[in-house]
file input06.cif (mmCIF, C-alpha atoms)
data_model
loop_
_atom_site.label_atom_id
_atom_site.label_comp_id
_atom_site.auth_asym_id
_atom_site.auth_seq_id
_atom_site.Cartn_x
_atom_site.Cartn_y
_atom_site.Cartn_z
CA MET A 1 -99.93 -141.50 -78.34
CA LEU A 2 -99.79 -137.77 -77.59
CA ARG A 3 -98.26 -135.68 -80.29
CA PRO A 4 -95.25 -133.42 -79.37
CA THR A 5 -97.12 -130.33 -80.58
CA PHE A 6 -99.94 -131.05 -78.11
CA ILE A 7 -97.50 -131.41 -75.15
CA VAL A 8 -95.79 -128.13 -76.04
CA SER A 9 -99.15 -126.36 -76.19
CA CYS A 10 -100.10 -127.65 -72.71
CA LEU A 11 -96.82 -126.51 -71.16
CA ALA A 12 -97.23 -123.06 -72.69
CA ALA A 13 -100.73 -122.78 -71.24
CA VAL A 14 -99.51 -123.75 -67.74
CA ALA A 15 -96.71 -121.19 -67.90
CA ALA A 16 -99.10 -118.46 -68.99
CA ALA A 17 -101.53 -119.30 -66.19
CA HIS A 18 -98.80 -119.07 -63.54
CA GLY A 19 -97.56 -115.82 -64.98
CA ASP A 20 -100.87 -114.16 -64.22
CA HIS A 21 -100.44 -114.72 -60.45
CA ASP A 22 -97.42 -112.37 -60.18
CA GLN A 23 -95.63 -114.72 -57.71
CA LYS A 24 -92.33 -113.75 -56.01
CA VAL A 25 -89.54 -116.20 -55.40
CA VAL A 26 -88.63 -116.33 -51.66
CA ALA A 27 -84.88 -116.49 -51.11
CA GLY A 28 -83.86 -118.57 -48.10
CA PRO A 29 -83.22 -118.87 -45.33
CA HIS A 30 -86.14 -116.66 -44.32
CA GLN A 31 -84.81 -114.49 -41.51
CA GLY A 32 -88.11 -114.22 -39.67
CA LEU A 33 -88.55 -117.98 -39.68
CA TRP A 34 -85.11 -119.14 -38.56
CA TYR A 35 -83.75 -116.30 -36.45
CA ASN A 36 -86.75 -114.96 -34.58
CA THR A 37 -86.51 -114.26 -30.85
CA LEU A 38 -88.95 -114.99 -28.08
CA PRO A 39 -89.43 -113.13 -24.78
CA GLY A 40 -86.60 -113.66 -22.29
CA ASP A 41 -83.69 -111.87 -20.65
CA GLY A 42 -81.53 -110.45 -23.41
CA GLY A 43 -83.98 -111.65 -26.05
CA THR A 44 -82.60 -115.19 -25.82
CA GLN A 45 -84.54 -118.39 -26.19
CA ALA A 46 -84.15 -122.15 -26.14
CA ASP A 47 -82.94 -123.26 -29.56
CA SER A 48 -82.04 -126.39 -31.50
CA VAL A 49 -78.62 -126.94 -29.95
CA PHE A 50 -78.32 -130.32 -31.63
CA SER A 51 -78.01 -128.72 -35.06
CA GLY A 52 -75.35 -126.66 -36.76
CA ILE A 53 -71.55 -126.71 -36.78
CA SER A 54 -69.97 -127.15 -33.32
CA THR A 55 -68.10 -124.25 -31.76
CA PHE A 56 -67.55 -123.83 -28.05
CA GLY A 57 -70.93 -122.92 -26.57
CA ARG A 58 -72.10 -122.14 -30.13
CA LEU A 59 -70.00 -118.99 -30.06
CA PRO A 60 -69.22 -117.26 -33.35
CA TYR A 61 -66.35 -118.89 -35.25
CA LEU A 62 -63.72 -116.65 -36.82
CA PRO A 63 -60.43 -117.91 -38.36
CA CYS A 64 -58.19 -115.80 -36.12
CA LEU A 65 -54.93 -117.34 -37.30
CA ALA A 66 -55.80 -116.50 -40.91
CA SER A 67 -56.43 -112.82 -40.21
CA LYS A 68 -54.74 -110.41 -37.81
CA ASP A 69 -57.69 -108.04 -38.07
CA ILE A 70 -59.96 -110.15 -35.83
CA ASN A 71 -60.32 -108.85 -32.28
CA TYR A 72 -61.97 -110.22 -29.15
CA ASP A 73 -61.82 -110.09 -25.36
CA ILE A 74 -61.78 -113.86 -24.78
CA ALA A 75 -60.81 -116.36 -27.46
CA PHE A 76 -61.09 -120.15 -27.47
CA ILE A 77 -58.40 -121.97 -29.45
CA GLY A 78 -57.78 -125.69 -29.88
CA ALA A 79 -54.41 -127.45 -29.62
CA PRO A 80 -54.99 -131.01 -30.92
CA PHE A 81 -51.76 -132.63 -29.70
CA ASP A 82 -51.41 -135.97 -27.89
CA THR A 83 -48.00 -137.41 -28.71
CA GLY A 84 -46.61 -136.54 -25.29
CA THR A 85 -48.90 -138.86 -23.36
CA SER A 86 -47.62 -141.88 -21.42
CA TYR A 87 -50.69 -144.12 -21.34
CA ARG A 88 -53.83 -143.70 -23.45
CA PRO A 89 -53.63 -141.46 -26.55
CA GLY A 90 -56.61 -139.69 -28.08
CA ALA A 91 -56.54 -136.16 -26.66
CA ARG A 92 -55.88 -134.80 -30.16
CA PHE A 93 -59.65 -135.16 -30.51
CA GLY A 94 -60.21 -133.22 -27.29
CA PRO A 95 -60.94 -129.82 -28.89
CA SER A 96 -63.68 -131.20 -31.13
CA GLY A 97 -65.07 -133.34 -28.31
CA ILE A 98 -65.24 -130.43 -25.86
CA ARG A 99 -67.01 -128.31 -28.45
CA GLN A 100 -69.52 -131.11 -28.96
CA GLY A 101 -70.04 -131.38 -25.20
CA SER A 102 -70.60 -127.62 -24.94
CA ARG A 103 -73.59 -127.42 -27.29
CA ARG A 104 -76.18 -126.91 -24.59
CA LEU A 105 -74.30 -124.40 -22.44
CA ASN A 106 -76.52 -121.55 -23.59
CA LEU A 107 -79.62 -123.60 -24.35
CA TYR A 108 -81.67 -121.39 -22.03
CA GLY A 109 -79.59 -118.24 -22.55
CA GLY A 110 -76.38 -119.07 -20.67
CA TYR A 111 -77.02 -117.24 -17.39
CA ASN A 112 -74.77 -118.56 -14.60
CA VAL A 113 -76.96 -118.57 -11.49
CA PRO A 114 -74.30 -119.14 -8.75
CA LEU A 115 -72.02 -116.45 -10.21
CA ALA A 116 -74.87 -114.13 -11.22
CA THR A 117 -73.45 -113.45 -14.68
CA ASN A 118 -74.04 -114.40 -18.30
CA PRO A 119 -70.74 -114.82 -20.15
CA PHE A 120 -72.64 -115.12 -23.44
CA ASN A 121 -74.32 -111.75 -22.96
CA SER A 122 -71.87 -109.35 -21.30
CA TRP A 123 -69.33 -106.61 -21.97
CA ALA A 124 -66.96 -109.19 -23.47
CA THR A 125 -66.60 -110.19 -27.10
CA ILE A 126 -66.01 -113.95 -26.98
CA ILE A 127 -65.31 -116.09 -30.04
CA ASP A 128 -64.04 -119.52 -31.07
CA CYS A 129 -60.89 -119.25 -33.18
CA GLY A 130 -60.79 -122.88 -34.25
CA ASP A 131 -57.62 -124.97 -33.88
CA ILE A 132 -53.91 -124.33 -34.17
CA PRO A 133 -52.49 -126.50 -36.99
CA VAL A 134 -50.39 -129.12 -35.17
CA THR A 135 -48.26 -131.82 -36.77
CA SER A 136 -48.44 -135.33 -35.32
CA TYR A 137 -45.02 -136.34 -36.67
CA ASP A 138 -42.58 -134.06 -34.85
CA ASN A 139 -43.12 -133.13 -31.20
CA THR A 140 -40.58 -130.33 -31.15
CA PHE A 141 -42.10 -128.66 -34.20
CA ALA A 142 -45.64 -129.25 -32.88
CA LEU A 143 -44.88 -127.53 -29.58
CA SER A 144 -43.41 -124.61 -31.50
CA GLN A 145 -46.58 -124.42 -33.60
CA ILE A 146 -48.66 -124.28 -30.41
CA GLU A 147 -46.50 -121.54 -28.87
CA GLN A 148 -46.54 -119.39 -32.00
CA GLY A 149 -50.24 -119.91 -32.66
CA HIS A 150 -51.17 -119.11 -29.07
CA HIS A 151 -49.01 -116.00 -29.00
CA SER A 152 -50.58 -114.75 -32.21
CA ILE A 153 -53.98 -114.95 -30.51
CA LEU A 154 -52.75 -113.58 -27.17
CA SER A 155 -50.78 -110.57 -28.39
CA ARG A 156 -53.58 -108.68 -30.19
CA LYS A 157 -55.55 -105.70 -29.05
CA PRO A 158 -58.74 -106.71 -27.23
CA THR A 159 -62.12 -105.33 -28.23
CA THR A 160 -62.55 -103.66 -24.83
CA ASP A 161 -60.14 -101.22 -23.12
CA SER A 162 -57.40 -101.71 -25.71
CA ALA A 163 -56.15 -98.16 -25.18
CA LEU A 164 -55.83 -98.55 -21.41
CA PRO A 165 -52.69 -99.79 -19.62
CA GLY A 166 -52.59 -103.41 -18.52
CA PRO A 167 -50.38 -105.89 -16.63
CA SER A 168 -48.42 -107.16 -19.65
CA LEU A 169 -44.67 -106.54 -19.92
CA GLN A 170 -45.31 -103.73 -22.40
CA GLY A 171 -47.94 -102.20 -20.14
CA LYS A 172 -50.74 -103.02 -22.56
CA THR A 173 -54.13 -104.60 -22.07
CA LEU A 174 -54.36 -107.98 -23.80
CA PRO A 175 -57.22 -110.39 -24.44
CA ARG A 176 -57.62 -113.66 -22.56
CA VAL A 177 -57.12 -117.00 -24.30
CA ILE A 178 -58.64 -120.35 -23.29
CA THR A 179 -56.98 -123.35 -24.92
CA LEU A 180 -58.68 -126.69 -25.57
CA GLY A 181 -56.18 -129.56 -25.43
CA GLY A 182 -54.60 -131.80 -26.24
CA ASP A 183 -52.50 -133.69 -23.70
CA HIS A 184 -50.92 -131.77 -20.87
CA THR A 185 -47.60 -131.31 -22.66
CA ILE A 186 -49.21 -128.32 -24.40
CA THR A 187 -49.05 -126.27 -21.20
CA LEU A 188 -45.29 -125.82 -21.69
CA PRO A 189 -45.55 -123.98 -25.03
CA LEU A 190 -48.57 -122.09 -23.68
CA LEU A 191 -46.53 -120.88 -20.70
CA ARG A 192 -43.72 -119.94 -23.07
CA SER A 193 -46.21 -117.81 -24.99
CA ILE A 194 -47.53 -116.28 -21.76
CA ASN A 195 -43.96 -115.53 -20.64
CA ARG A 196 -43.33 -113.50 -23.79
CA SER A 197 -46.21 -111.21 -22.86
CA TYR A 198 -46.28 -111.31 -19.05
CA GLY A 199 -43.01 -112.75 -17.76
CA PRO A 200 -43.19 -115.41 -15.02
CA VAL A 201 -46.73 -116.09 -13.79
CA SER A 202 -48.37 -117.93 -10.93
CA VAL A 203 -50.08 -121.19 -11.87
CA ILE A 204 -53.17 -122.89 -10.49
CA HIS A 205 -52.90 -126.50 -11.59
CA PHE A 206 -55.87 -128.87 -11.23
CA ASP A 207 -54.71 -132.44 -11.76
CA SER A 208 -54.41 -135.87 -10.19
CA HIS A 209 -50.69 -135.88 -11.06
CA LEU A 210 -47.80 -133.56 -10.19
CA ASP A 211 -46.50 -133.20 -13.77
CA SER A 212 -43.26 -131.79 -12.37
CA TRP A 213 -41.27 -135.02 -12.46
CA ARG A 214 -37.64 -134.94 -13.44
CA PRO A 215 -37.27 -136.40 -16.95
CA LYS A 216 -34.98 -139.18 -15.68
CA VAL A 217 -37.75 -140.27 -13.31
CA PHE A 218 -40.67 -139.94 -15.73
CA GLY A 219 -39.93 -141.65 -19.02
CA GLY A 220 -36.21 -142.14 -18.53
CA SER A 221 -35.28 -139.22 -20.82
CA PRO A 222 -33.77 -141.32 -23.65
CA SER A 223 -33.57 -138.14 -25.74
CA GLU A 224 -34.13 -134.42 -25.40
CA VAL A 225 -37.42 -134.72 -27.28
CA ALA A 226 -38.64 -137.56 -25.07
CA SER A 227 -37.78 -135.61 -21.92
CA VAL A 228 -40.62 -133.19 -22.67
CA ASN A 229 -43.93 -134.92 -22.06
CA HIS A 230 -47.16 -134.63 -20.10
CA GLY A 231 -45.44 -135.61 -16.85
CA THR A 232 -42.41 -133.32 -17.02
CA TYR A 233 -43.54 -130.03 -18.54
CA PHE A 234 -43.68 -128.18 -15.18
CA TYR A 235 -40.11 -129.28 -14.47
CA HIS A 236 -39.05 -127.68 -17.74
CA ALA A 237 -41.22 -124.60 -17.07
CA ALA A 238 -39.47 -124.10 -13.74
CA GLN A 239 -36.04 -124.57 -15.31
CA GLU A 240 -36.90 -122.02 -18.01
CA GLY A 241 -38.07 -119.44 -15.47
CA LEU A 242 -41.68 -119.43 -16.64
CA LEU A 243 -43.16 -119.84 -13.13
CA ARG A 244 -43.38 -117.17 -10.48
CA ASN A 245 -41.43 -118.35 -7.44
CA ASP A 246 -43.36 -119.99 -4.59
CA SER A 247 -46.80 -118.88 -5.72
CA ASN A 248 -47.97 -121.94 -7.65
CA ILE A 249 -50.35 -124.64 -6.45
CA HIS A 250 -51.60 -128.08 -7.42
CA ALA A 251 -55.14 -129.14 -6.49
CA GLY A 252 -56.63 -132.62 -6.71
CA ILE A 253 -53.37 -134.60 -6.44
CA ARG A 254 -53.74 -138.34 -5.70
CA THR A 255 -51.16 -140.12 -7.83
CA THR A 256 -48.62 -142.69 -6.73
CA LEU A 257 -45.00 -141.54 -6.64
CA SER A 258 -41.57 -142.93 -7.33
CA GLY A 259 -40.90 -141.89 -3.74
CA PRO A 260 -41.01 -138.91 -1.33
CA SER A 261 -38.34 -137.16 -3.40
CA ASP A 262 -41.01 -136.44 -6.03
CA TYR A 263 -42.71 -134.08 -3.56
CA GLU A 264 -39.36 -132.53 -2.70
CA ASN A 265 -38.62 -131.89 -6.35
CA ASP A 266 -42.10 -130.42 -6.78
CA GLY A 267 -41.32 -127.96 -3.99
CA TYR A 268 -38.18 -126.90 -5.82
CA CYS A 269 -40.38 -126.16 -8.83
CA GLY A 270 -42.34 -123.70 -6.66
CA PHE A 271 -45.57 -125.61 -5.96
CA GLU A 272 -47.75 -126.15 -2.93
CA ILE A 273 -49.90 -129.30 -2.98
CA VAL A 274 -53.57 -129.77 -2.13
CA GLU A 275 -54.35 -133.48 -2.25
CA ALA A 276 -57.73 -134.72 -3.45
CA ARG A 277 -58.44 -136.44 -0.12
CA GLU A 278 -58.25 -133.13 1.75
CA ILE A 279 -61.78 -132.42 0.58
CA ASP A 280 -62.91 -134.93 3.24
CA THR A 281 -61.43 -132.81 6.03
CA ILE A 282 -61.41 -129.18 4.90
CA GLY A 283 -64.16 -129.32 2.26
CA THR A 284 -64.41 -127.21 -0.86
CA GLU A 285 -64.19 -124.00 1.19
CA GLY A 286 -60.86 -125.04 2.66
CA ILE A 287 -59.45 -125.89 -0.76
CA ILE A 288 -60.62 -122.57 -2.18
CA LYS A 289 -58.99 -120.77 0.76
CA LYS A 290 -55.65 -122.48 0.17
CA ILE A 291 -55.66 -121.61 -3.53
CA ARG A 292 -56.59 -117.98 -2.99
CA GLU A 293 -53.97 -117.50 -0.26
CA ARG A 294 -51.29 -119.02 -2.46
CA VAL A 295 -51.81 -117.02 -5.66
CA GLY A 296 -53.51 -113.85 -4.41
CA THR A 297 -55.97 -111.77 -6.42
CA GLU A 298 -53.82 -109.15 -8.17
CA LYS A 299 -50.84 -110.72 -9.93
CA PRO A 300 -51.35 -112.51 -13.27
CA VAL A 301 -52.41 -116.15 -12.85
CA TYR A 302 -52.53 -118.99 -15.37
CA LEU A 303 -55.05 -121.77 -14.76
CA SER A 304 -54.46 -125.27 -16.13
CA LEU A 305 -57.14 -127.92 -15.68
CA ASP A 306 -56.55 -131.61 -16.37
CA ILE A 307 -59.90 -133.37 -16.69
CA ASP A 308 -58.48 -136.27 -14.65
CA THR A 309 -58.92 -134.05 -11.61
CA LEU A 310 -62.38 -135.57 -11.69
CA ASP A 311 -62.98 -139.13 -10.58
CA PRO A 312 -63.29 -141.55 -13.54
CA ALA A 313 -66.91 -142.06 -12.52
CA PHE A 314 -67.51 -138.51 -13.76
CA ALA A 315 -64.82 -138.26 -16.47
CA PRO A 316 -63.69 -141.64 -17.78
CA ALA A 317 -62.40 -140.32 -21.11
CA THR A 318 -58.88 -139.29 -20.20
CA GLY A 319 -55.35 -140.48 -20.80
CA THR A 320 -54.28 -141.38 -17.26
CA PRO A 321 -57.36 -141.84 -15.04
CA GLU A 322 -56.97 -142.05 -11.26
CA THR A 323 -59.75 -143.15 -8.90
CA GLY A 324 -60.55 -141.20 -5.74
CA GLY A 325 -61.08 -137.86 -7.45
CA TRP A 326 -63.58 -135.07 -7.04
CA SER A 327 -67.07 -134.99 -8.43
CA THR A 328 -68.07 -132.57 -11.17
CA ARG A 329 -70.14 -130.63 -8.66
CA GLU A 330 -67.20 -130.28 -6.26
CA LEU A 331 -64.85 -129.10 -9.01
CA ARG A 332 -67.35 -126.53 -10.29
CA THR A 333 -67.84 -125.21 -6.76
CA ILE A 334 -64.07 -124.81 -6.34
CA LEU A 335 -63.73 -123.07 -9.70
CA ARG A 336 -66.48 -120.61 -8.79
CA GLY A 337 -64.61 -119.93 -5.56
CA LEU A 338 -61.75 -118.47 -7.62
CA GLU A 339 -63.85 -115.44 -8.56
CA GLY A 340 -61.79 -112.26 -8.33
CA ILE A 341 -58.43 -113.93 -9.04
CA ASN A 342 -56.63 -112.28 -11.96
CA ILE A 343 -56.74 -115.19 -14.39
CA ILE A 344 -55.15 -114.03 -17.64
CA ALA A 345 -55.42 -117.33 -19.55
CA ALA A 346 -56.37 -120.97 -19.08
CA ASP A 347 -56.35 -124.41 -20.62
CA ILE A 348 -58.21 -127.68 -20.25
CA VAL A 349 -56.40 -130.85 -21.23
CA GLU A 350 -56.38 -134.65 -21.43
CA VAL A 351 -59.93 -135.05 -22.75
CA ALA A 352 -59.83 -138.16 -24.97
CA PRO A 353 -63.38 -138.60 -26.32
CA ALA A 354 -62.82 -142.15 -27.63
CA TYR A 355 -63.02 -143.46 -24.05
CA ASP A 356 -66.16 -141.53 -23.15
CA THR A 357 -69.61 -142.92 -22.51
CA ASN A 358 -72.34 -142.65 -25.12
CA ALA A 359 -73.79 -139.87 -22.97
CA GLU A 360 -70.63 -137.73 -23.38
CA HIS A 361 -70.02 -137.46 -19.62
CA THR A 362 -66.42 -136.30 -19.94
CA THR A 363 -66.82 -133.76 -22.71
CA MET A 364 -69.83 -132.23 -20.98
CA ALA A 365 -67.91 -132.01 -17.69
CA ALA A 366 -65.01 -130.34 -19.49
CA ALA A 367 -67.32 -127.85 -21.18
CA ASP A 368 -69.08 -127.07 -17.89
CA ALA A 369 -65.75 -126.46 -16.15
CA LEU A 370 -64.76 -124.02 -18.90
CA TYR A 371 -68.13 -122.32 -18.55
CA GLU A 372 -67.26 -121.57 -14.91
CA ILE A 373 -63.78 -120.33 -15.87
CA MET A 374 -65.21 -118.13 -18.62
CA SER A 375 -67.77 -116.76 -16.17
CA ILE A 376 -65.19 -115.71 -13.57
CA MET A 377 -63.10 -114.08 -16.32
CA VAL A 378 -66.12 -112.06 -17.40
CA LYS A 379 -66.93 -111.07 -13.81
CA ARG A 380 -63.38 -109.88 -13.25
CA GLY A 381 -63.66 -107.54 -16.24
CA PRO A 382 -61.01 -106.60 -18.84
CA LEU A 383 -57.34 -106.97 -17.99
CA SER A 384 -56.78 -103.21 -17.93
CA VAL A 385 -55.22 -102.21 -14.60
CA THR A 386 -57.59 -99.30 -14.17
CA SER A 387 -60.70 -101.29 -14.96
CA ALA A 388 -63.34 -101.85 -12.32
CA PRO A 389 -65.63 -104.91 -12.63
CA HIS A 390 -67.93 -104.29 -15.59
CA ASP A 391 -71.69 -104.35 -15.56
CA LEU A 392 -72.92 -107.87 -16.10
#
call {"tool": "encode", "arguments": {"input": "input06.cif", "output": "structure tokens"}}
result
Amino acid sequence: MLRPTFIVSCLAAVAAAHGDHDQKVVAGPHQGLWYNTLPGDGGTQADSVFSGISTFGRLPYLPCLASKDINYDIAFIGAPFDTGTSYRPGARFGPSGIRQGSRRLNLYGGYNVPLATNPFNSWATIIDCGDIPVTSYDNTFALSQIEQGHHSILSRKPTTDSALPGPSLQGKTLPRVITLGGDHTITLPLLRSINRSYGPVSVIHFDSHLDSWRPKVFGGSPSEVASVNHGTYFYHAAQEGLLRNDSNIHAGIRTTLSGPSDYENDGYCGFEIVEAREIDTIGTEGIIKKIRERVGTEKPVYLSLDIDTLDPAFAPATGTPETGGWSTRELRTILRGLEGINIIAADIVEVAPAYDTNAEHTTMAAADALYEIMSIMVKRGPLSVTSAPHDL
């Protein structure tokens, strides 16, 4: 048996030997090892997009609702609400699912070839603000949370051109906000927030459904709370004066109706309709032309995109799927055709990841659609009225 005095002597000798080498402890992570750059436009490189915490497109995350000192030009914010849906729930997990599906957007640097811009490397400061805290127990309170949270993000000074006049009611330049839903009910509180800063706005609405049904028709309206849901929010928006008269448009419609009066009511709400099947006769160019003629390129426009615009073959993970929709390629082409329109804010809704394939078809399609929307926002430049398109 070794005596304790012998063991102590050995340890002392080892310590003395190591002390002679004058070694330095390396504190990690080692910047040169983990954050080096390789040759490429903007110094970007392919990276391990499967690692790390998920934000949209791996953008920087900043807790915007916790601090009013955070500024940006475009902010992503989640609204995890799905208690206004009529069929399959699960869109409360949409924000996290879309972020997961967006991991590889800037795998090779993020340059958008068709639009000739890189939204990840431009004049714009773009961040992910996380999610608005939303209760799942009280719809009325939840919608108020979404409105207040969105307006807190929307009403700040942007990083760029904050001192220049803009199209808001107060004549100021504001940042853009892109909201990750959530079922489509969230568009009502988002439009209420927009109205506080811009007044009535024109809406481009991509969807397979009208979402302007009278509450008595859609859901029966057993209570005031129940009358506000993902099929009636545009009816309420029209009644509240949130929509600019006769300058709104649906695209991708293919739902069944209670009858022809549903289209008549939709007209009263101020919408023109482009049905999904029209792509067979007028193509993507014809659809783009109709949208641009309806909303113009100067007045403020809000864009709302329901993922069920896509055929379930391309986006199965949604609350109310409808067959006969567009492909992901067709939708992305149409979105790119909106370049130059004055989109002040946008949302994507009805992504319910629990129904997705193992390959994340729906969440990737949603992320790619937002990539196109973000790109056309960047190409348009800041929302200052005197601003020309910025260098890209």
call {"tool": "atom_distance", "arguments": {"input": "input06.cif", "atom1": "CA of Thr309 in chain A", "atom2": "CA of Asp207 in chain A"}}
result
4.5 Å
call {"tool": "closest_residue", "arguments": {"input": "input06.cif", "among": "A:Arg336, A:Arg214, A:Lys157, A:Arg192", "to": "Pro175 in chain A", "atoms": "all atoms listed in the file"}}
result
A:Lys157
call {"tool": "closest_atom_pairs", "arguments": {"input": "input06.cif", "of": "range 175-292 of chain A", "to": "range 104-127 of chain A", "cutoff": "12 Å", "atoms": "all atoms listed in the file", "output": "CSV"}}
result
residue,atom,partner,partner_atom,distance
A:Pro175,CA,A:Thr125,CA,9.8
A:Arg176,CA,A:Ile126,CA,9.5
A:Val177,CA,A:Ile126,CA,9.8
A:Ile178,CA,A:Ile127,CA,10.4
call {"tool": "residues_around", "arguments": {"input": "input06.cif", "residues": "Gln170 in chain A", "least_positions_apart": "3", "cutoff": "10 Å", "atoms": "all atoms listed in the file", "output": "JSON, numbers by chain"}}
result
{"A": [165, 166, 167, 173, 197, 198]}
call {"tool": "atom_distance", "arguments": {"input": "input06.cif", "atom1": "CA of Ser144 in chain A", "atom2": "CA of Pro80 in chain A"}}
result
13.2 Å
call {"tool": "atom_distance", "arguments": {"input": "input06.cif", "atom1": "CA of Pro133 in chain A", "atom2": "CA of Ser54 in chain A"}}
result
17.9 Å
call {"tool": "closest_residue", "arguments": {"input": "input06.cif", "among": "A:Ala163, A:Ala352, A:Val385, A:Ile376", "to": "Pro89 in chain A", "atoms": "only C-alpha atoms"}}
result
A:Ala352
call {"tool": "resolve_selection", "arguments": {"input": "input06.cif", "expression": "the PyMOL selection byres ((chain A and resi 346) around 8)", "output": "PyMOL selection string"}}
result
chain A and resi 177-179+302-305+343-345+347-348
call {"tool": "closest_residue", "arguments": {"input": "input06.cif", "among": "A:Ala369, A:Val134, A:Ala237, A:Leu62", "to": "Gly78 in chain A", "atoms": "all atoms listed in the file"}}
result
A:Val134
call {"tool": "residues_around", "arguments": {"input": "input06.cif", "residues": "Glu264 in chain A", "least_positions_apart": "4", "cutoff": "12 Å", "atoms": "all atoms listed in the file", "output": "count of residues only"}}
result
14
call {"tool": "closest_residue", "arguments": {"input": "input06.cif", "among": "A:Lys172, A:His361, A:His184, A:Arg196", "to": "Gln148 in chain A", "atoms": "all atoms listed in the file"}}
result
A:Arg196
call {"tool": "resolve_selection", "arguments": {"input": "input06.cif", "expression": "the PyMOL selection byres ((chain A and resi 149) around 10)", "output": "PDB file with C-alpha atoms, in the frame of the given file"}}
result
ATOM      1  CA  CYS A  64     -58.190-115.800 -36.120  1.00  0.00           C
ATOM      2  CA  LEU A  65     -54.930-117.340 -37.300  1.00  0.00           C
ATOM      3  CA  ILE A  77     -58.400-121.970 -29.450  1.00  0.00           C
ATOM      4  CA  GLY A  78     -57.780-125.690 -29.880  1.00  0.00           C
ATOM      5  CA  ALA A  79     -54.410-127.450 -29.620  1.00  0.00           C
ATOM      6  CA  ASP A 131     -57.620-124.970 -33.880  1.00  0.00           C
ATOM      7  CA  ILE A 132     -53.910-124.330 -34.170  1.00  0.00           C
ATOM      8  CA  PRO A 133     -52.490-126.500 -36.990  1.00  0.00           C
ATOM      9  CA  VAL A 134     -50.390-129.120 -35.170  1.00  0.00           C
ATOM     10  CA  LEU A 143     -44.880-127.530 -29.580  1.00  0.00           C
ATOM     11  CA  SER A 144     -43.410-124.610 -31.500  1.00  0.00           C
ATOM     12  CA  GLN A 145     -46.580-124.420 -33.600  1.00  0.00           C
ATOM     13  CA  ILE A 146     -48.660-124.280 -30.410  1.00  0.00           C
ATOM     14  CA  GLU A 147     -46.500-121.540 -28.870  1.00  0.00           C
ATOM     15  CA  GLN A 148     -46.540-119.390 -32.000  1.00  0.00           C
ATOM     16  CA  HIS A 150     -51.170-119.110 -29.070  1.00  0.00           C
ATOM     17  CA  HIS A 151     -49.010-116.000 -29.000  1.00  0.00           C
ATOM     18  CA  SER A 152     -50.580-114.750 -32.210  1.00  0.00           C
ATOM     19  CA  ILE A 153     -53.980-114.950 -30.510  1.00  0.00           C
ATOM     20  CA  LEU A 154     -52.750-113.580 -27.170  1.00  0.00           C
ATOM     21  CA  PRO A 189     -45.550-123.980 -25.030  1.00  0.00           C
ATOM     22  CA  LEU A 190     -48.570-122.090 -23.680  1.00  0.00           C
ATOM     23  CA  SER A 193     -46.210-117.810 -24.990  1.00  0.00           C
TER      24      SER A 193
END
call {"tool": "resolve_selection", "arguments": {"input": "input06.cif", "expression": "the PyMOL selection byres ((chain A and resi 349) around 9)", "output": "MDAnalysis selection string"}}
result
chainID A and resid 91 94:95 179:187 304:308 318 347:348 350:352 366
call {"tool": "closest_residue", "arguments": {"input": "input06.cif", "among": "A:Val203, A:Gly101, A:Gly296, A:Pro321", "to": "Asn358 in chain A", "atoms": "all atoms listed in the file"}}
result
A:Gly101
call {"tool": "closest_residue", "arguments": {"input": "input06.cif", "among": "A:Ile194, A:Ile204, A:Ala365, A:Leu310", "to": "Gly241 in chain A", "atoms": "all atoms listed in the file"}}
result
A:Ile194
call {"tool": "decode", "arguments": {"input": "input06.cif", "residues": "range 214-220 of chain A", "atoms": "N, CA, C and O atoms", "output": "PDB file, in the first residue's frame"}}
result
ATOM      1  N   ARG A 214     -69.846  37.583 -42.270  1.00  0.00           N
ATOM      2  CA  ARG A 214     -70.609  38.157 -41.158  1.00  0.00           C
ATOM      3  C   ARG A 214     -70.609  37.145 -40.011  1.00  0.00           C
ATOM      4  O   ARG A 214     -70.733  35.935 -40.227  1.00  0.00           O
ATOM      5  N   PRO A 215     -70.490  37.613 -38.777  1.00  0.00           N
ATOM      6  CA  PRO A 215     -70.427  36.683 -37.639  1.00  0.00           C
ATOM      7  C   PRO A 215     -71.604  35.716 -37.564  1.00  0.00           C
ATOM      8  O   PRO A 215     -71.440  34.567 -37.161  1.00  0.00           O
ATOM      9  N   LYS A 216     -72.801  36.158 -37.964  1.00  0.00           N
ATOM     10  CA  LYS A 216     -73.955  35.266 -37.922  1.00  0.00           C
ATOM     11  C   LYS A 216     -73.798  34.106 -38.901  1.00  0.00           C
ATOM     12  O   LYS A 216     -74.330  33.018 -38.693  1.00  0.00           O
ATOM     13  N   VAL A 217     -73.068  34.348 -39.980  1.00  0.00           N
ATOM     14  CA  VAL A 217     -72.850  33.312 -40.990  1.00  0.00           C
ATOM     15  C   VAL A 217     -71.718  32.384 -40.585  1.00  0.00           C
ATOM     16  O   VAL A 217     -71.802  31.163 -40.730  1.00  0.00           O
ATOM     17  N   PHE A 218     -70.644  32.961 -40.044  1.00  0.00           N
ATOM     18  CA  PHE A 218     -69.466  32.162 -39.689  1.00  0.00           C
ATOM     19  C   PHE A 218     -69.381  32.020 -38.181  1.00  0.00           C
ATOM     20  O   PHE A 218     -68.925  32.917 -37.482  1.00  0.00           O
ATOM     21  N   GLY A 219     -69.852  30.910 -37.669  1.00  0.00           N
ATOM     22  CA  GLY A 219     -69.770  30.638 -36.240  1.00  0.00           C
ATOM     23  C   GLY A 219     -71.038  30.903 -35.472  1.00  0.00           C
ATOM     24  O   GLY A 219     -71.155  30.513 -34.314  1.00  0.00           O
ATOM     25  N   GLY A 220     -71.983  31.598 -36.096  1.00  0.00           N
ATOM     26  CA  GLY A 220     -73.272  31.824 -35.453  1.00  0.00           C
ATOM     27  C   GLY A 220     -73.317  32.959 -34.461  1.00  0.00           C
ATOM     28  O   GLY A 220     -74.381  33.341 -34.003  1.00  0.00           O
TER      29      GLY A 220
END
